[in-house]
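Engineer: This one is coords.txt, compact mmCIF, N, CA and C atoms.
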```
# COMPACT_ATOMS: atom_id res chain seq x y z
N GLY D 1 -29.16 -15.55 141.47
CA GLY D 1 -28.59 -15.34 142.78
C GLY D 1 -27.62 -16.44 143.19
N VAL D 2 -27.19 -17.27 142.25
CA VAL D 2 -26.28 -18.37 142.57
C VAL D 2 -24.86 -17.98 142.14
N ALA D 3 -23.92 -18.15 143.04
CA ALA D 3 -22.53 -17.85 142.71
C ALA D 3 -22.03 -18.82 141.65
N PHE D 4 -21.24 -18.31 140.72
CA PHE D 4 -20.67 -19.16 139.67
C PHE D 4 -19.40 -18.52 139.14
N GLU D 5 -18.61 -19.33 138.47
CA GLU D 5 -17.43 -18.83 137.76
C GLU D 5 -17.59 -19.22 136.31
N ARG D 6 -17.47 -18.27 135.42
CA ARG D 6 -17.58 -18.51 133.99
C ARG D 6 -16.18 -18.66 133.40
N ILE D 7 -15.98 -19.70 132.62
CA ILE D 7 -14.72 -19.91 131.92
C ILE D 7 -15.03 -20.01 130.44
N ASP D 8 -14.51 -19.08 129.66
CA ASP D 8 -14.72 -19.11 128.21
C ASP D 8 -13.75 -20.10 127.59
N ILE D 9 -14.25 -20.84 126.60
CA ILE D 9 -13.46 -21.86 125.92
C ILE D 9 -13.31 -21.45 124.46
N ASP D 10 -12.09 -21.50 123.96
CA ASP D 10 -11.84 -21.29 122.54
C ASP D 10 -12.19 -22.60 121.85
N LEU D 11 -13.34 -22.64 121.17
CA LEU D 11 -13.81 -23.89 120.58
C LEU D 11 -12.94 -24.34 119.41
N ALA D 12 -12.10 -23.47 118.91
CA ALA D 12 -11.16 -23.87 117.86
C ALA D 12 -9.92 -24.53 118.46
N ARG D 13 -9.66 -24.29 119.74
CA ARG D 13 -8.50 -24.87 120.44
C ARG D 13 -8.95 -25.35 121.81
N LYS D 14 -9.75 -26.39 121.83
CA LYS D 14 -10.32 -26.88 123.09
C LYS D 14 -9.22 -27.51 123.95
N PRO D 15 -9.11 -27.03 125.19
CA PRO D 15 -8.09 -27.62 126.07
C PRO D 15 -8.45 -29.05 126.48
N ALA D 16 -7.44 -29.85 126.75
CA ALA D 16 -7.64 -31.26 127.10
C ALA D 16 -8.53 -31.40 128.33
N TRP D 17 -8.33 -30.52 129.33
CA TRP D 17 -9.14 -30.64 130.55
C TRP D 17 -10.62 -30.46 130.22
N PHE D 18 -10.93 -29.58 129.27
CA PHE D 18 -12.33 -29.35 128.90
C PHE D 18 -12.92 -30.59 128.22
N LEU D 19 -12.14 -31.21 127.35
CA LEU D 19 -12.62 -32.39 126.64
C LEU D 19 -12.87 -33.57 127.57
N ARG D 20 -12.20 -33.60 128.71
CA ARG D 20 -12.49 -34.64 129.71
C ARG D 20 -13.88 -34.45 130.31
N PHE D 21 -14.35 -33.20 130.38
CA PHE D 21 -15.66 -32.90 130.94
C PHE D 21 -16.77 -32.91 129.91
N SER D 22 -16.45 -32.64 128.66
CA SER D 22 -17.45 -32.50 127.60
C SER D 22 -17.18 -33.52 126.50
N PRO D 23 -17.83 -34.68 126.55
CA PRO D 23 -17.54 -35.74 125.59
C PRO D 23 -17.74 -35.33 124.13
N LEU D 24 -18.65 -34.40 123.87
CA LEU D 24 -18.89 -33.94 122.51
C LEU D 24 -18.09 -32.68 122.18
N GLY D 25 -17.34 -32.16 123.16
CA GLY D 25 -16.54 -30.96 122.94
C GLY D 25 -17.37 -29.71 122.75
N LYS D 26 -18.58 -29.72 123.30
CA LYS D 26 -19.48 -28.58 123.13
C LYS D 26 -19.66 -27.85 124.46
N THR D 27 -20.07 -26.60 124.35
CA THR D 27 -20.47 -25.84 125.53
C THR D 27 -21.98 -25.67 125.47
N PRO D 28 -22.62 -25.43 126.60
CA PRO D 28 -22.05 -25.24 127.94
C PRO D 28 -21.81 -26.56 128.65
N VAL D 29 -20.99 -26.45 129.70
CA VAL D 29 -20.77 -27.53 130.65
C VAL D 29 -20.91 -26.91 132.03
N LEU D 30 -21.63 -27.57 132.89
CA LEU D 30 -21.77 -27.14 134.28
C LEU D 30 -21.04 -28.14 135.15
N LEU D 31 -20.09 -27.65 135.94
CA LEU D 31 -19.38 -28.52 136.88
C LEU D 31 -20.03 -28.37 138.25
N VAL D 32 -20.58 -29.47 138.74
CA VAL D 32 -21.31 -29.47 140.00
C VAL D 32 -20.43 -30.10 141.08
N PRO D 33 -20.19 -29.37 142.19
CA PRO D 33 -19.36 -29.95 143.24
C PRO D 33 -20.07 -31.13 143.90
N GLN D 34 -19.32 -32.20 144.10
CA GLN D 34 -19.83 -33.37 144.82
C GLN D 34 -18.68 -33.92 145.65
N GLY D 35 -18.76 -33.68 146.93
CA GLY D 35 -17.65 -34.06 147.80
C GLY D 35 -16.42 -33.26 147.44
N ALA D 36 -15.30 -33.97 147.21
CA ALA D 36 -14.04 -33.31 146.88
C ALA D 36 -13.82 -33.21 145.38
N SER D 37 -14.81 -33.61 144.57
CA SER D 37 -14.62 -33.57 143.12
C SER D 37 -15.73 -32.79 142.44
N TRP D 38 -15.66 -32.75 141.14
CA TRP D 38 -16.64 -32.04 140.32
C TRP D 38 -17.28 -33.02 139.35
N VAL D 39 -18.60 -32.95 139.24
CA VAL D 39 -19.34 -33.80 138.31
C VAL D 39 -19.78 -32.93 137.14
N PRO D 40 -19.37 -33.28 135.92
CA PRO D 40 -19.77 -32.45 134.77
C PRO D 40 -21.17 -32.79 134.28
N LEU D 41 -21.93 -31.76 133.99
CA LEU D 41 -23.21 -31.91 133.29
C LEU D 41 -23.05 -31.17 131.96
N PHE D 42 -23.44 -31.82 130.88
CA PHE D 42 -23.32 -31.20 129.57
C PHE D 42 -24.66 -31.31 128.86
N GLU D 43 -24.82 -30.52 127.84
CA GLU D 43 -26.04 -30.34 127.05
C GLU D 43 -26.96 -29.35 127.77
N SER D 44 -27.32 -28.31 127.06
CA SER D 44 -28.08 -27.19 127.63
C SER D 44 -29.36 -27.61 128.32
N ALA D 45 -30.17 -28.44 127.65
CA ALA D 45 -31.46 -28.83 128.23
C ALA D 45 -31.27 -29.62 129.52
N VAL D 46 -30.26 -30.46 129.57
CA VAL D 46 -29.98 -31.25 130.78
C VAL D 46 -29.56 -30.32 131.92
N ILE D 47 -28.70 -29.35 131.61
CA ILE D 47 -28.27 -28.39 132.62
C ILE D 47 -29.47 -27.60 133.14
N CYS D 48 -30.33 -27.14 132.24
CA CYS D 48 -31.52 -26.38 132.66
C CYS D 48 -32.43 -27.22 133.54
N ASP D 49 -32.63 -28.49 133.18
CA ASP D 49 -33.47 -29.36 134.00
C ASP D 49 -32.86 -29.56 135.38
N TYR D 50 -31.55 -29.74 135.45
CA TYR D 50 -30.89 -29.89 136.75
C TYR D 50 -31.09 -28.63 137.60
N LEU D 51 -30.85 -27.47 137.00
CA LEU D 51 -31.02 -26.22 137.75
C LEU D 51 -32.48 -26.05 138.18
N ASP D 52 -33.41 -26.42 137.30
CA ASP D 52 -34.83 -26.31 137.61
C ASP D 52 -35.19 -27.18 138.81
N GLU D 53 -34.57 -28.35 138.90
CA GLU D 53 -34.89 -29.31 139.97
C GLU D 53 -34.16 -29.02 141.28
N THR D 54 -33.10 -28.20 141.23
CA THR D 54 -32.30 -28.01 142.44
C THR D 54 -32.29 -26.59 142.99
N LEU D 55 -32.76 -25.63 142.21
CA LEU D 55 -32.73 -24.24 142.66
C LEU D 55 -34.09 -23.57 142.49
N ALA D 56 -34.33 -22.57 143.28
CA ALA D 56 -35.54 -21.77 143.13
C ALA D 56 -35.13 -20.39 142.63
N PRO D 57 -35.97 -19.73 141.88
CA PRO D 57 -37.27 -20.19 141.39
C PRO D 57 -37.08 -21.16 140.22
N THR D 58 -38.13 -21.91 139.94
CA THR D 58 -38.04 -22.89 138.86
C THR D 58 -38.07 -22.20 137.50
N LEU D 59 -37.51 -22.87 136.52
CA LEU D 59 -37.49 -22.35 135.16
C LEU D 59 -38.78 -22.69 134.42
N HIS D 60 -39.36 -23.84 134.73
CA HIS D 60 -40.56 -24.31 134.05
C HIS D 60 -41.79 -24.11 134.95
N PRO D 61 -42.95 -23.98 134.35
CA PRO D 61 -44.17 -23.86 135.16
C PRO D 61 -44.49 -25.18 135.88
N ALA D 62 -45.30 -25.09 136.92
CA ALA D 62 -45.68 -26.28 137.69
C ALA D 62 -46.67 -27.16 136.93
N ASP D 63 -47.50 -26.56 136.11
CA ASP D 63 -48.51 -27.32 135.37
C ASP D 63 -47.82 -28.29 134.40
N PRO D 64 -48.13 -29.59 134.46
CA PRO D 64 -47.46 -30.57 133.60
C PRO D 64 -47.60 -30.30 132.10
N LEU D 65 -48.77 -29.87 131.65
CA LEU D 65 -48.96 -29.60 130.23
C LEU D 65 -48.12 -28.39 129.80
N ALA D 66 -48.16 -27.34 130.58
CA ALA D 66 -47.37 -26.14 130.25
C ALA D 66 -45.87 -26.47 130.28
N ARG D 67 -45.46 -27.29 131.25
CA ARG D 67 -44.06 -27.69 131.35
C ARG D 67 -43.65 -28.52 130.13
N ALA D 68 -44.51 -29.42 129.70
CA ALA D 68 -44.22 -30.24 128.51
C ALA D 68 -44.11 -29.35 127.27
N ARG D 69 -44.96 -28.35 127.16
CA ARG D 69 -44.88 -27.44 126.01
C ARG D 69 -43.57 -26.65 126.03
N HIS D 70 -43.14 -26.23 127.22
CA HIS D 70 -41.84 -25.56 127.34
C HIS D 70 -40.74 -26.47 126.80
N ARG D 71 -40.75 -27.73 127.23
CA ARG D 71 -39.71 -28.67 126.80
C ARG D 71 -39.77 -28.94 125.30
N ALA D 72 -40.98 -28.97 124.75
CA ALA D 72 -41.12 -29.16 123.30
C ALA D 72 -40.49 -28.00 122.54
N TRP D 73 -40.74 -26.77 122.99
CA TRP D 73 -40.14 -25.61 122.31
C TRP D 73 -38.63 -25.56 122.50
N ILE D 74 -38.14 -26.08 123.62
CA ILE D 74 -36.70 -26.17 123.82
C ILE D 74 -36.10 -27.09 122.76
N GLU D 75 -36.77 -28.18 122.44
CA GLU D 75 -36.29 -29.09 121.40
C GLU D 75 -36.27 -28.40 120.03
N VAL D 76 -37.31 -27.61 119.74
CA VAL D 76 -37.35 -26.87 118.47
C VAL D 76 -36.17 -25.90 118.41
N ALA D 77 -35.96 -25.18 119.48
CA ALA D 77 -34.85 -24.21 119.52
C ALA D 77 -33.51 -24.91 119.38
N SER D 78 -33.34 -26.03 120.03
CA SER D 78 -32.09 -26.77 119.95
C SER D 78 -31.81 -27.24 118.52
N ALA D 79 -32.82 -27.78 117.88
CA ALA D 79 -32.66 -28.24 116.49
C ALA D 79 -32.33 -27.07 115.57
N THR D 80 -32.99 -25.94 115.79
CA THR D 80 -32.73 -24.75 114.97
C THR D 80 -31.32 -24.24 115.17
N LEU D 81 -30.86 -24.19 116.41
CA LEU D 81 -29.49 -23.75 116.68
C LEU D 81 -28.47 -24.70 116.05
N ASN D 82 -28.76 -25.99 116.06
CA ASN D 82 -27.86 -26.95 115.42
C ASN D 82 -27.79 -26.70 113.91
N GLN D 83 -28.92 -26.38 113.29
CA GLN D 83 -28.90 -26.08 111.86
C GLN D 83 -28.12 -24.79 111.58
N ILE D 84 -28.29 -23.80 112.44
CA ILE D 84 -27.53 -22.56 112.27
C ILE D 84 -26.03 -22.84 112.37
N ALA D 85 -25.64 -23.70 113.30
CA ALA D 85 -24.22 -24.07 113.42
C ALA D 85 -23.73 -24.74 112.14
N GLN D 86 -24.59 -25.49 111.49
CA GLN D 86 -24.21 -26.13 110.23
C GLN D 86 -23.91 -25.10 109.14
N LEU D 87 -24.57 -23.95 109.20
CA LEU D 87 -24.26 -22.89 108.24
C LEU D 87 -22.80 -22.45 108.37
N TYR D 88 -22.33 -22.36 109.62
CA TYR D 88 -20.97 -21.91 109.87
C TYR D 88 -19.93 -22.96 109.50
N THR D 89 -20.35 -24.22 109.46
CA THR D 89 -19.38 -25.29 109.20
C THR D 89 -19.59 -25.95 107.85
N ALA D 90 -20.44 -25.37 107.01
CA ALA D 90 -20.68 -25.95 105.68
C ALA D 90 -19.37 -26.03 104.91
N ARG D 91 -19.16 -27.14 104.25
CA ARG D 91 -17.91 -27.36 103.52
C ARG D 91 -17.93 -26.76 102.12
N ASP D 92 -19.14 -26.51 101.63
CA ASP D 92 -19.23 -25.96 100.28
C ASP D 92 -20.55 -25.20 100.14
N ASP D 93 -20.72 -24.54 99.00
CA ASP D 93 -21.93 -23.75 98.75
C ASP D 93 -23.18 -24.62 98.76
N ALA D 94 -23.09 -25.82 98.22
CA ALA D 94 -24.26 -26.70 98.17
C ALA D 94 -24.72 -27.07 99.57
N GLY D 95 -23.79 -27.38 100.45
CA GLY D 95 -24.14 -27.71 101.84
C GLY D 95 -24.74 -26.53 102.56
N PHE D 96 -24.16 -25.36 102.32
CA PHE D 96 -24.70 -24.14 102.91
C PHE D 96 -26.12 -23.89 102.44
N GLU D 97 -26.34 -23.99 101.13
CA GLU D 97 -27.67 -23.74 100.57
C GLU D 97 -28.69 -24.76 101.04
N ALA D 98 -28.30 -26.01 101.17
CA ALA D 98 -29.22 -27.04 101.66
C ALA D 98 -29.65 -26.74 103.09
N THR D 99 -28.71 -26.33 103.91
CA THR D 99 -29.03 -25.99 105.30
C THR D 99 -29.87 -24.73 105.37
N ARG D 100 -29.52 -23.73 104.57
CA ARG D 100 -30.29 -22.49 104.54
C ARG D 100 -31.73 -22.78 104.13
N HIS D 101 -31.91 -23.63 103.15
CA HIS D 101 -33.26 -24.00 102.69
C HIS D 101 -34.03 -24.72 103.80
N ALA D 102 -33.37 -25.64 104.48
CA ALA D 102 -34.03 -26.36 105.58
C ALA D 102 -34.46 -25.41 106.70
N LEU D 103 -33.63 -24.43 106.99
CA LEU D 103 -33.99 -23.46 108.03
C LEU D 103 -35.17 -22.59 107.60
N ALA D 104 -35.22 -22.26 106.33
CA ALA D 104 -36.30 -21.37 105.83
C ALA D 104 -37.64 -22.07 105.78
N HIS D 105 -37.63 -23.39 105.77
CA HIS D 105 -38.88 -24.14 105.65
C HIS D 105 -39.09 -24.94 106.86
```
As C-alpha cells, what does this structure read like?
Structural biologist:
Amino acid sequence: GVAFERIDIDLARKPAWFLRFSPLGKTPVLLVPQGASWVPLFESAVICDYLDETLAPTLHPADPLARARHRAWIEVASATLNQIAQLYTARDDAGFEATRHALAH
C-alpha cells in the first residue's frame, strides 16, 4: 500500500546517476526522501530491514528467534543467488562447472 516509482536499469549499460546511488552497481536501490534530497539504500536485506522497521505490516515475525531464523534464511538465499549470478558471468566452462557443482552441493 505504499506509493513508489519503479525505474528499470539496464545492468549492461548502467547510467552514471545510478552508479552514484549504488556503489556496487547492483539493484535494487531504494531512494528514501529526506528533506529536499534522496538517501540511497542498497542491498536487498538492508532495504527489507528498513521497510520492516518503518512500515506496517512488518516483514519479520515479532518473536526474536523466529526473526533470527528468517534473517538466516535470507543469507542462504542471498548466497545462492550470488552463485547463480556467477553461472551467468562464468568466463569459461571450468568456472561454470565449478559454480554448478557448488550449487548442487
Engineer: For segment 36-85 of chain D against segment 5-24 of chain D, with a cut-off of 8 Å and counting all atoms listed in the file, what is the closest atom pair and its distance in Å to one decimal for every residue that makes the cut, ordered by chain and number, as JSON lines?
Structural biologist:
```
{"residue": "D:Val39", "atom": "C", "partner": "D:Phe21", "partner_atom": "CA", "distance": 7.4}
{"residue": "D:Pro40", "atom": "CA", "partner": "D:Phe21", "partner_atom": "CA", "distance": 5.6}
{"residue": "D:Leu41", "atom": "N", "partner": "D:Phe21", "partner_atom": "C", "distance": 6.7}
{"residue": "D:Phe42", "atom": "CA", "partner": "D:Ser22", "partner_atom": "CA", "distance": 6.3}
{"residue": "D:Glu43", "atom": "N", "partner": "D:Ser22", "partner_atom": "CA", "distance": 7.6}
```
Engineer: The selected residues should be written to file as a PDB file, keeping the file's coordinate frame (atoms: N, CA and C atoms).
Structural biologist:
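Written out: again_23.pdb:
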```pdb
ATOM      1  N   VAL D  39     -18.600 -32.950 139.240  1.00  0.00           N
ATOM      2  CA  VAL D  39     -19.340 -33.800 138.310  1.00  0.00           C
ATOM      3  C   VAL D  39     -19.780 -32.930 137.140  1.00  0.00           C
ATOM      4  N   PRO D  40     -19.370 -33.280 135.920  1.00  0.00           N
ATOM      5  CA  PRO D  40     -19.770 -32.450 134.770  1.00  0.00           C
ATOM      6  C   PRO D  40     -21.170 -32.790 134.280  1.00  0.00           C
ATOM      7  N   LEU D  41     -21.930 -31.760 133.990  1.00  0.00           N
ATOM      8  CA  LEU D  41     -23.210 -31.910 133.290  1.00  0.00           C
ATOM      9  C   LEU D  41     -23.050 -31.170 131.960  1.00  0.00           C
ATOM     10  N   PHE D  42     -23.440 -31.820 130.880  1.00  0.00           N
ATOM     11  CA  PHE D  42     -23.320 -31.200 129.570  1.00  0.00           C
ATOM     12  C   PHE D  42     -24.660 -31.310 128.860  1.00  0.00           C
ATOM     13  N   GLU D  43     -24.820 -30.520 127.840  1.00  0.00           N
ATOM     14  CA  GLU D  43     -26.040 -30.340 127.050  1.00  0.00           C
ATOM     15  C   GLU D  43     -26.960 -29.350 127.770  1.00  0.00           C
TER      16      GLU D  43
END
```
Engineer: What's the separation between atom CA of Arg91 of chain D and atom N of Ala77 of chain D, in Å to one decimal place?
Structural biologist: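 That distance, rounded to one decimal, is 24.2 Å.
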Engineer: Give me the residues within 12 Å of Ser44 of chain D as a list in words, counting only C-alpha atoms and dropping any in the same chain fewer than 4 places off.
Structural biologist: Ser22, Lys26, Thr27, Pro28, Val29, Leu30, Cys48, Asp49, Tyr50, Leu51, Arg71, Ile74, Glu75, Ala77, Ser78 and Leu81 of chain D
Engineer: What does the structure give for the distance between atom C of Gly1 of chain D and atom N of Arg67 of chain D, in Å to one decimal?
Structural biologist: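 Result for atom C of Gly1 of chain D versus atom N of Arg67 of chain D: 24.1 Å, one decimal.
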Engineer: Give me, as a PyMOL selection string, the residues of chain D that a backbone DSSP run labels alpha helix (DSSP H).
Structural biologist: chain D and resi 16-21+44-54+64-89+93-104
Engineer: So how many Å separate atom N of Ala102 of chain D and atom C of Gln83 of chain D, to one decimal?
Structural biologist: 8.9 Å
Engineer: I need the strand (DSSP E or B) residues of chain D per DSSP on the backbone, written as a VMD selection string.
Structural biologist: chain D and resid 29 to 34 37 to 42
Engineer: Can you pull out every residue within 12 Å of Glu97 of chain D, counting only C-alpha atoms, but drop anything in the same chain fewer than 6 positions away, and send it as a ChimeraX atom specification?
Structural biologist: /D:83-84,86-88,90-91,103-104
Engineer: With 5 Å added on each side, what axis-aligned box encloses every listed atom of segment 37-55 of chain D? Give the centre and edge lengths in Å to one decimal, as JSON.
Structural biologist:
```
{"center_x": -24.9, "center_y": -28.7, "center_z": 135.8, "size_x": 30.6, "size_y": 20.2, "size_z": 27.5}
```
